[in-house]
2 protein chains.
Amino acid sequence: MAKKLPDIKQDFAQWYQEIVYQAELADTSPVKGCMVIRPYGNSLWENIKSVLDAKIKETGHQNALFPLLIPQKFLTKEAEHVEGFSPELAVVTHAGGKELEEPLVIRPTSETIIHYMFAKWIHSWRDLPLKINQWGNVVRWEMRTRPFLRTTEIFWQEGHTAHETAEEAAEEADLMLQEYKKLAEDYLAIPVVAGQKSESEKFPGADKTMSIEGMMPDGKALQMGTSHIISQNFAKVFEMTYQDRKGSMVYPFLTSWGMSTRVVGAVVMAHGDEKGLIIPPKVAPIHAVVVPILKKDADNKAVLEAAVAIKDALKKDFSIVVDDDDSKSPGAKFYKWELKGVPLRIEIGPRDLESGQAVVVDRLGLEKKAVLLSELPQYIVDQLDLIQKTLFERAEKRLKDQWCVRNKFSEFKDDLVKQGGFYQVGWCGSVECEKALKESQATIRCLLEEKKVTDCFYCDKKSECDVLVAKAY
Amino acid sequence: MAKKLPDIKQDFAQWYQEIVYQAELADTSPVKGCMVIRPYGNSLWENIKSVLDAKIKETGHQNALFPLLIPQKFLTKEAEHVEGFSPELAVVTHAGGKELEEPLVIRPTSETIIHYMFAKWIHSWRDLPLKINQWGNVVRWEMRTRPFLRTTEIFWQEGHTAHETAEEAAEEADLMLQEYKKLAEDYLAIPVVAGQKSESEKFPGADKTMSIEGMMPDGKALQMGTSHIISQNFAKVFEMTYQDRKGSMVYPFLTSWGMSTRVVGAVVMAHGDEKGLIIPPKVAPIHAVVVPILKKDADNKAVLEAAVAIKDALKKDFSIVVDDDDSKSPGAKFYKWELKGVPLRIEIGPRDLESGQAVVVDRLGLEKKAVLLSELPQYIVDQLDLIQKTLFERAEKRLKDQWCVRNKFSEFKDDLVKQGGFYQVGWCGSVECEKALKESQATIRCLLEEKKVTDCFYCDKKSECDVLVAKAY
């Protein structure tokens, strides 16, 4: 039997860990920092992948596959890049029974190997834009890991593009950031802030990094996707020259952008409650579970058949499971599927059968209703829409509640430590003031377009722009 | 400009290598033995994956993701397994800036780590059957590599299942072998022989290995998928006990089965000709290319618009590309898309426009026909069906021509060396006789159900069963 879930309000971190395992999204593995993504979690991830993959293709990108292993010297070509990733590398020193002449690293990200190939492929302006995406795994040796949120092996997509002009590259990076935002909001029902990172929070080797940031119920921000304008230095160190429209040999402008299984963690945290997960219908592995209400020592054949008939009537448009496990009570089944966050439960017992109806209960507790079987398909559509909408509205309300505008560090420092949340403050742009946030284990999550504050939150200077401060995962 | 293709009849190996690169299926990488799968090749692989993934799910399997890295000691638990894979392992000895206490190997296959997890998940007969599949990458340090056919990093799927009875496990292994056969024949248009491997050709750690074997035009067999009944020894070394229906603690019966990007190489070899690739329509990344016949220094607007209109009219059901590159002649375009093996070409010029038609040419040279635009969708359906069917029939005819029944090694040894092909012969079952085939660089590809020969091909004993002998990739 499942253990009781830790109290979500008392110990969110423990609740997160437990629900991930109990709902069978993932499991620990015998390899430090690596998780196993179990079928239910993987099905959720596949649904998210499939939405994102379609968006990536619609916007003119093509998928390709590059090697897992990268010659160590590639990483050292770009100074910032090597400094950023060196501490996290896993190194293959032996292979085929021999010591390698040159060690290979497992890719922590694929800029270097992909740029090497770009240099081979880009000869003329006619070869641009080159817009490539890769679905795959990367390895970063992390000290403190948590399933989905921070793992040694990361499952993700990484887009890499090359363009003729800086403007085009900037448009591309913006476009993909917006696609990430749409995915988060329209499918995962998580409102996010899309903005630029400060210099010190940039990707190692980027001229500009942007991210989407969600706010979790425990007051911590979660970076859910990043999009970068990559330094032209990469084009230079990989000798990526091409002939432009005027016949000159020039370097292209580069971007990269990525989103990982971290978003599965975001879904868990953003919507879960004391009963367990709540999965947004648009990405749910199972839309509804049919629970036949069986009587002990009775002939349950008709009820079981009706349950299967409901599934058959709905399976073209929805993912439906019939829970006909005869070793469990209806109550135990309700508990199980609530824990797994299935949006709808359809109960059918002998009496429902007589009146040609079923009882539909939603995971949010919005409504419990007897519905005629003939009206079930439309009711399911409506309820799933309602759940999707309600989840987003709830999360949006929470985001508003967790967002405040402040002037000085002293005014919000304690709150930031104790309850977390987003603090919109002014910033002079200096690294010194940014560093002061470390006292509260916080960082600037992103720069904001909107300007409400006049002075820097820390020093006496004027603010250059508003920034969003928070503790973060 | 593209280099001339090597003569497919004179030098098949060189032709293969060149067409893979020229058609942009794959490229060499700076990492020994690893290839880059380019968008066109990856799109073909994605189409194959999508068919196979649907079959895997329809047959009741669920996808999951397991770690890339495996503790080295896991590999050593099963004696045959470690002996089989040790020479091919890539070993991570350093990570996060430190030497690891215990080295990790990059998975050469995932039996060990998945069985470790199975032991964690399987407690009761109610947990069985457990039917898992993983799409991912594995690494085997190969000395001599060829794109798609033998690479250091392999992209594939590996299925792993656990069952209550030996019979169920045998049924599962058979079922998936048949699914592979269907995929090869119905989608890739490649007829294959499905059969059991001899003891010496088994997967390291299997009780029984079965494979599907295709015959390539150069007379070499290609193993295109394997399905194994895994030794119960794996269940024992990983302490995978569960309570059966009678309450006893017992071990489950295991299978595993895999298919890789090798099948992309099979498509290249099985159907290609002197002009390049021919991709079977059912898995083709592009079904038809529309080539507008543009006149120099003329107003080509109407023709270009008509080309796009053709694409728009077809794009719901087919993958269509308009080649409007104004730097290339129609002839150069024909050459390019024939090289890439696109099944159909639709030409439209000013005269066609006047008569409301387009000229459709198929890659096999079966027919060149002017078709009314209104009749184009149905004509495309019919032609794609015809191409798919014709490719299979051609390959089937070739398989028959390359298959002969022989009695004694001396009768077919020379032919086997010179022209290759399948030789159906009798076999006494001894390893000694099997080893004799090495003289001709050949192996027993599989045991046959059918029995046509009475004596062993090598010794004086009676044959136990007919076997299929060939050189192989």
# chains A, B, ... in the order shown; residues from 1 in each chain; ligands from 1
$ interface_residues --of "chain B" --to "chain A" --cutoff "6 Å" --atoms "only C-alpha atoms" --output "NGL selection string"
:B and (36-39 or 42 or 62-66 or 87-92 or 94-97 or 141)
$ residues_around --residues "Tyr180 (chain B)" --least-positions-apart "2" --cutoff "8 Å" --atoms "only C-alpha atoms" --output "JSON, numbers by chain"
{"B": [176, 177, 178, 182, 183, 184, 212, 225, 259]}
$ select_by_dssp --residues "region 41-79 of chain B" --states "helix (DSSP H, G or I)" --output "NGL selection string"
:B and (41-58 or 72-75 or 79)
$ write_last_selection --atoms "N, CA and C atoms" --output "PDB file, in the first residue's frame"
ATOM      1  N   GLY B  41      17.929  12.190 -43.177  1.00  0.00           N
ATOM      2  CA  GLY B  41      18.042  10.832 -42.631  1.00  0.00           C
ATOM      3  C   GLY B  41      17.235  10.681 -41.354  1.00  0.00           C
ATOM      4  N   ASN B  42      17.231  11.737 -40.545  1.00  0.00           N
ATOM      5  CA  ASN B  42      16.511  11.665 -39.285  1.00  0.00           C
ATOM      6  C   ASN B  42      15.003  11.644 -39.498  1.00  0.00           C
ATOM      7  N   SER B  43      14.558  12.338 -40.524  1.00  0.00           N
ATOM      8  CA  SER B  43      13.136  12.363 -40.832  1.00  0.00           C
ATOM      9  C   SER B  43      12.687  10.960 -41.267  1.00  0.00           C
ATOM     10  N   LEU B  44      13.527  10.291 -42.055  1.00  0.00           N
ATOM     11  CA  LEU B  44      13.251   8.896 -42.435  1.00  0.00           C
ATOM     12  C   LEU B  44      13.205   8.017 -41.180  1.00  0.00           C
ATOM     13  N   TRP B  45      14.176   8.192 -40.289  1.00  0.00           N
ATOM     14  CA  TRP B  45      14.223   7.420 -39.044  1.00  0.00           C
ATOM     15  C   TRP B  45      13.014   7.733 -38.164  1.00  0.00           C
ATOM     16  N   GLU B  46      12.624   8.997 -38.092  1.00  0.00           N
ATOM     17  CA  GLU B  46      11.442   9.370 -37.295  1.00  0.00           C
ATOM     18  C   GLU B  46      10.182   8.699 -37.840  1.00  0.00           C
ATOM     19  N   ASN B  47      10.071   8.609 -39.152  1.00  0.00           N
ATOM     20  CA  ASN B  47       8.900   7.939 -39.740  1.00  0.00           C
ATOM     21  C   ASN B  47       8.879   6.451 -39.376  1.00  0.00           C
ATOM     22  N   ILE B  48      10.052   5.832 -39.444  1.00  0.00           N
ATOM     23  CA  ILE B  48      10.135   4.411 -39.081  1.00  0.00           C
ATOM     24  C   ILE B  48       9.814   4.239 -37.591  1.00  0.00           C
ATOM     25  N   LYS B  49      10.421   5.113 -36.755  1.00  0.00           N
ATOM     26  CA  LYS B  49      10.168   5.085 -35.313  1.00  0.00           C
ATOM     27  C   LYS B  49       8.690   5.195 -35.020  1.00  0.00           C
ATOM     28  N   SER B  50       8.044   6.104 -35.722  1.00  0.00           N
ATOM     29  CA  SER B  50       6.648   6.374 -35.408  1.00  0.00           C
ATOM     30  C   SER B  50       5.776   5.148 -35.724  1.00  0.00           C
ATOM     31  N   VAL B  51       6.066   4.443 -36.815  1.00  0.00           N
ATOM     32  CA  VAL B  51       5.341   3.202 -37.125  1.00  0.00           C
ATOM     33  C   VAL B  51       5.616   2.155 -36.043  1.00  0.00           C
ATOM     34  N   LEU B  52       6.896   1.984 -35.713  1.00  0.00           N
ATOM     35  CA  LEU B  52       7.273   0.953 -34.751  1.00  0.00           C
ATOM     36  C   LEU B  52       6.747   1.285 -33.348  1.00  0.00           C
ATOM     37  N   ASP B  53       6.819   2.558 -32.981  1.00  0.00           N
ATOM     38  CA  ASP B  53       6.331   2.970 -31.662  1.00  0.00           C
ATOM     39  C   ASP B  53       4.837   2.665 -31.519  1.00  0.00           C
ATOM     40  N   ALA B  54       4.089   2.912 -32.579  1.00  0.00           N
ATOM     41  CA  ALA B  54       2.652   2.623 -32.541  1.00  0.00           C
ATOM     42  C   ALA B  54       2.424   1.114 -32.364  1.00  0.00           C
ATOM     43  N   LYS B  55       3.205   0.303 -33.081  1.00  0.00           N
ATOM     44  CA  LYS B  55       3.073  -1.159 -32.956  1.00  0.00           C
ATOM     45  C   LYS B  55       3.433  -1.617 -31.537  1.00  0.00           C
ATOM     46  N   ILE B  56       4.473  -1.015 -30.993  1.00  0.00           N
ATOM     47  CA  ILE B  56       4.917  -1.368 -29.635  1.00  0.00           C
ATOM     48  C   ILE B  56       3.823  -1.037 -28.621  1.00  0.00           C
ATOM     49  N   LYS B  57       3.187   0.106 -28.808  1.00  0.00           N
ATOM     50  CA  LYS B  57       2.121   0.493 -27.879  1.00  0.00           C
ATOM     51  C   LYS B  57       0.859  -0.355 -28.084  1.00  0.00           C
ATOM     52  N   GLU B  58       0.511  -0.596 -29.344  1.00  0.00           N
ATOM     53  CA  GLU B  58      -0.675  -1.430 -29.625  1.00  0.00           C
ATOM     54  C   GLU B  58      -0.552  -2.818 -29.000  1.00  0.00           C
ATOM     55  N   GLN B  72      29.736  -0.289 -13.345  1.00  0.00           N
ATOM     56  CA  GLN B  72      30.464  -1.351 -14.048  1.00  0.00           C
ATOM     57  C   GLN B  72      30.162  -2.730 -13.458  1.00  0.00           C
ATOM     58  N   LYS B  73      29.967  -2.775 -12.130  1.00  0.00           N
ATOM     59  CA  LYS B  73      29.728  -4.079 -11.489  1.00  0.00           C
ATOM     60  C   LYS B  73      28.436  -4.744 -11.969  1.00  0.00           C
ATOM     61  N   PHE B  74      27.466  -3.960 -12.438  1.00  0.00           N
ATOM     62  CA  PHE B  74      26.222  -4.537 -12.963  1.00  0.00           C
ATOM     63  C   PHE B  74      26.507  -5.451 -14.150  1.00  0.00           C
ATOM     64  N   LEU B  75      27.409  -4.996 -15.003  1.00  0.00           N
ATOM     65  CA  LEU B  75      27.715  -5.748 -16.219  1.00  0.00           C
ATOM     66  C   LEU B  75      28.359  -7.083 -15.890  1.00  0.00           C
ATOM     67  N   ALA B  79      27.617 -13.739 -16.302  1.00  0.00           N
ATOM     68  CA  ALA B  79      28.919 -14.119 -16.868  1.00  0.00           C
ATOM     69  C   ALA B  79      28.985 -13.996 -18.391  1.00  0.00           C
TER      70      ALA B  79
END
$ closest_residue --among "B:Glu164, B:Glu305, B:Asp299, B:Asp352" --to "Gln243 (chain B)" --atoms "only C-alpha atoms"
B:Glu164
$ closest_residue --among "B:Asp11, B:Glu338, B:Glu179, B:Glu201" --to "Gln223 (chain B)" --atoms "only C-alpha atoms"
B:Glu201
$ residues_around --residues "Ala370 (chain A)" --least-positions-apart "3" --cutoff "10 Å" --atoms "only C-alpha atoms" --output "list in words"
Ile346, Glu347, Ile348, Asp352, Ser355, Gly356, Gln357, Ala358, Val359, Val360, Val361, Glu367, Leu373 and Leu376 of chain A
$ residues_around --residues "Phe318 (chain A)" --least-positions-apart "2" --cutoff "8 Å" --atoms "only C-alpha atoms" --output "ChimeraX atom specification"
/A:286-288,314-316,320
$ decode --residues "region 3-111 of chain B" --atoms "C-alpha atoms" --output "PDB file, in the first residue's frame"
ATOM      1  CA  LYS B   3      30.437  14.264 -56.995  1.00  0.00           C
ATOM      2  CA  LYS B   4      29.474  11.525 -59.429  1.00  0.00           C
ATOM      3  CA  LEU B   5      28.170   8.474 -57.576  1.00  0.00           C
ATOM      4  CA  PRO B   6      30.398   5.391 -57.673  1.00  0.00           C
ATOM      5  CA  ASP B   7      29.026   2.648 -59.922  1.00  0.00           C
ATOM      6  CA  ILE B   8      26.574   0.637 -57.841  1.00  0.00           C
ATOM      7  CA  LYS B   9      27.373  -2.577 -59.715  1.00  0.00           C
ATOM      8  CA  GLN B  10      31.138  -2.196 -59.611  1.00  0.00           C
ATOM      9  CA  ASP B  11      31.594  -1.005 -56.061  1.00  0.00           C
ATOM     10  CA  PHE B  12      28.525  -1.368 -53.919  1.00  0.00           C
ATOM     11  CA  ALA B  13      30.318  -0.538 -50.651  1.00  0.00           C
ATOM     12  CA  GLN B  14      31.659   2.723 -52.040  1.00  0.00           C
ATOM     13  CA  TRP B  15      28.308   3.544 -53.618  1.00  0.00           C
ATOM     14  CA  TYR B  16      26.658   3.004 -50.205  1.00  0.00           C
ATOM     15  CA  GLN B  17      29.055   5.292 -48.403  1.00  0.00           C
ATOM     16  CA  GLU B  18      28.753   8.039 -51.003  1.00  0.00           C
ATOM     17  CA  ILE B  19      24.987   7.982 -51.344  1.00  0.00           C
ATOM     18  CA  VAL B  20      24.566   8.218 -47.569  1.00  0.00           C
ATOM     19  CA  TYR B  21      26.628  11.399 -47.555  1.00  0.00           C
ATOM     20  CA  GLN B  22      25.514  12.905 -50.881  1.00  0.00           C
ATOM     21  CA  ALA B  23      21.816  12.407 -50.151  1.00  0.00           C
ATOM     22  CA  GLU B  24      22.465  14.037 -46.768  1.00  0.00           C
ATOM     23  CA  LEU B  25      21.155  11.142 -44.727  1.00  0.00           C
ATOM     24  CA  ALA B  26      24.195  11.308 -42.475  1.00  0.00           C
ATOM     25  CA  ASP B  27      27.628  12.837 -42.189  1.00  0.00           C
ATOM     26  CA  THR B  28      30.906  11.803 -40.646  1.00  0.00           C
ATOM     27  CA  SER B  29      31.636  13.321 -37.254  1.00  0.00           C
ATOM     28  CA  PRO B  30      34.862  14.242 -35.498  1.00  0.00           C
ATOM     29  CA  VAL B  31      34.188  11.429 -33.023  1.00  0.00           C
ATOM     30  CA  LYS B  32      35.561   8.062 -34.103  1.00  0.00           C
ATOM     31  CA  GLY B  33      32.810   5.741 -35.297  1.00  0.00           C
ATOM     32  CA  CYS B  34      29.976   8.162 -34.492  1.00  0.00           C
ATOM     33  CA  MET B  35      27.866   9.619 -37.250  1.00  0.00           C
ATOM     34  CA  VAL B  36      25.690  12.694 -37.430  1.00  0.00           C
ATOM     35  CA  ILE B  37      22.205  11.870 -38.659  1.00  0.00           C
ATOM     36  CA  ARG B  38      21.201  14.832 -40.810  1.00  0.00           C
ATOM     37  CA  PRO B  39      17.627  16.106 -41.067  1.00  0.00           C
ATOM     38  CA  TYR B  40      16.734  14.075 -44.155  1.00  0.00           C
ATOM     39  CA  GLY B  41      18.042  10.832 -42.631  1.00  0.00           C
ATOM     40  CA  ASN B  42      16.511  11.665 -39.285  1.00  0.00           C
ATOM     41  CA  SER B  43      13.136  12.363 -40.832  1.00  0.00           C
ATOM     42  CA  LEU B  44      13.251   8.896 -42.435  1.00  0.00           C
ATOM     43  CA  TRP B  45      14.223   7.420 -39.044  1.00  0.00           C
ATOM     44  CA  GLU B  46      11.442   9.370 -37.295  1.00  0.00           C
ATOM     45  CA  ASN B  47       8.900   7.939 -39.740  1.00  0.00           C
ATOM     46  CA  ILE B  48      10.135   4.411 -39.081  1.00  0.00           C
ATOM     47  CA  LYS B  49      10.168   5.085 -35.313  1.00  0.00           C
ATOM     48  CA  SER B  50       6.648   6.374 -35.408  1.00  0.00           C
ATOM     49  CA  VAL B  51       5.341   3.202 -37.125  1.00  0.00           C
ATOM     50  CA  LEU B  52       7.273   0.953 -34.751  1.00  0.00           C
ATOM     51  CA  ASP B  53       6.331   2.970 -31.662  1.00  0.00           C
ATOM     52  CA  ALA B  54       2.652   2.623 -32.541  1.00  0.00           C
ATOM     53  CA  LYS B  55       3.073  -1.159 -32.956  1.00  0.00           C
ATOM     54  CA  ILE B  56       4.917  -1.368 -29.635  1.00  0.00           C
ATOM     55  CA  LYS B  57       2.121   0.493 -27.879  1.00  0.00           C
ATOM     56  CA  GLU B  58      -0.675  -1.430 -29.625  1.00  0.00           C
ATOM     57  CA  THR B  59       0.875  -4.656 -28.370  1.00  0.00           C
ATOM     58  CA  GLY B  60       0.635  -3.434 -24.774  1.00  0.00           C
ATOM     59  CA  HIS B  61       4.109  -2.035 -24.082  1.00  0.00           C
ATOM     60  CA  GLN B  62       4.878   1.236 -22.373  1.00  0.00           C
ATOM     61  CA  ASN B  63       7.858   3.507 -22.980  1.00  0.00           C
ATOM     62  CA  ALA B  64      10.184   4.460 -20.148  1.00  0.00           C
ATOM     63  CA  LEU B  65      13.647   6.001 -19.793  1.00  0.00           C
ATOM     64  CA  PHE B  66      16.545   4.439 -17.907  1.00  0.00           C
ATOM     65  CA  PRO B  67      19.986   5.883 -17.129  1.00  0.00           C
ATOM     66  CA  LEU B  68      22.641   6.134 -19.820  1.00  0.00           C
ATOM     67  CA  LEU B  69      25.337   5.221 -17.300  1.00  0.00           C
ATOM     68  CA  ILE B  70      25.536   1.863 -15.568  1.00  0.00           C
ATOM     69  CA  PRO B  71      27.723   0.867 -12.598  1.00  0.00           C
ATOM     70  CA  GLN B  72      30.464  -1.351 -14.048  1.00  0.00           C
ATOM     71  CA  LYS B  73      29.728  -4.079 -11.489  1.00  0.00           C
ATOM     72  CA  PHE B  74      26.222  -4.537 -12.963  1.00  0.00           C
ATOM     73  CA  LEU B  75      27.715  -5.748 -16.219  1.00  0.00           C
ATOM     74  CA  THR B  76      29.812  -8.333 -14.429  1.00  0.00           C
ATOM     75  CA  LYS B  77      26.852  -9.974 -12.693  1.00  0.00           C
ATOM     76  CA  GLU B  78      25.909 -12.159 -15.621  1.00  0.00           C
ATOM     77  CA  ALA B  79      28.919 -14.119 -16.868  1.00  0.00           C
ATOM     78  CA  GLU B  80      28.010 -14.468 -20.564  1.00  0.00           C
ATOM     79  CA  HIS B  81      26.828 -10.904 -20.717  1.00  0.00           C
ATOM     80  CA  VAL B  82      30.070  -9.437 -19.381  1.00  0.00           C
ATOM     81  CA  GLU B  83      32.140 -11.646 -21.657  1.00  0.00           C
ATOM     82  CA  GLY B  84      30.130 -10.546 -24.678  1.00  0.00           C
ATOM     83  CA  PHE B  85      30.198  -6.834 -24.001  1.00  0.00           C
ATOM     84  CA  SER B  86      33.426  -6.150 -22.094  1.00  0.00           C
ATOM     85  CA  PRO B  87      35.598  -5.542 -25.152  1.00  0.00           C
ATOM     86  CA  GLU B  88      33.167  -2.911 -26.446  1.00  0.00           C
ATOM     87  CA  LEU B  89      32.631  -0.781 -23.361  1.00  0.00           C
ATOM     88  CA  ALA B  90      33.226   2.960 -23.064  1.00  0.00           C
ATOM     89  CA  VAL B  91      34.116   3.741 -19.451  1.00  0.00           C
ATOM     90  CA  VAL B  92      33.606   6.950 -17.510  1.00  0.00           C
ATOM     91  CA  THR B  93      36.365   7.110 -14.899  1.00  0.00           C
ATOM     92  CA  HIS B  94      36.226  10.814 -14.020  1.00  0.00           C
ATOM     93  CA  ALA B  95      33.270  13.074 -13.378  1.00  0.00           C
ATOM     94  CA  GLY B  96      32.682  16.392 -11.683  1.00  0.00           C
ATOM     95  CA  GLY B  97      36.432  16.984 -11.637  1.00  0.00           C
ATOM     96  CA  LYS B  98      37.203  13.844  -9.608  1.00  0.00           C
ATOM     97  CA  GLU B  99      38.072  10.219 -10.197  1.00  0.00           C
ATOM     98  CA  LEU B 100      35.012   8.081  -9.551  1.00  0.00           C
ATOM     99  CA  GLU B 101      35.179   5.472  -6.823  1.00  0.00           C
ATOM    100  CA  GLU B 102      33.494   3.027  -9.120  1.00  0.00           C
ATOM    101  CA  PRO B 103      33.715   3.489 -12.882  1.00  0.00           C
ATOM    102  CA  LEU B 104      30.496   3.811 -14.861  1.00  0.00           C
ATOM    103  CA  VAL B 105      30.042   2.338 -18.304  1.00  0.00           C
ATOM    104  CA  ILE B 106      27.940   3.875 -21.018  1.00  0.00           C
ATOM    105  CA  ARG B 107      25.209   1.290 -21.603  1.00  0.00           C
ATOM    106  CA  PRO B 108      26.008  -1.072 -24.486  1.00  0.00           C
ATOM    107  CA  THR B 109      22.439  -2.367 -23.956  1.00  0.00           C
ATOM    108  CA  SER B 110      20.210  -1.933 -20.902  1.00  0.00           C
ATOM    109  CA  GLU B 111      19.367  -5.428 -19.660  1.00  0.00           C
TER     110      GLU B 111
END
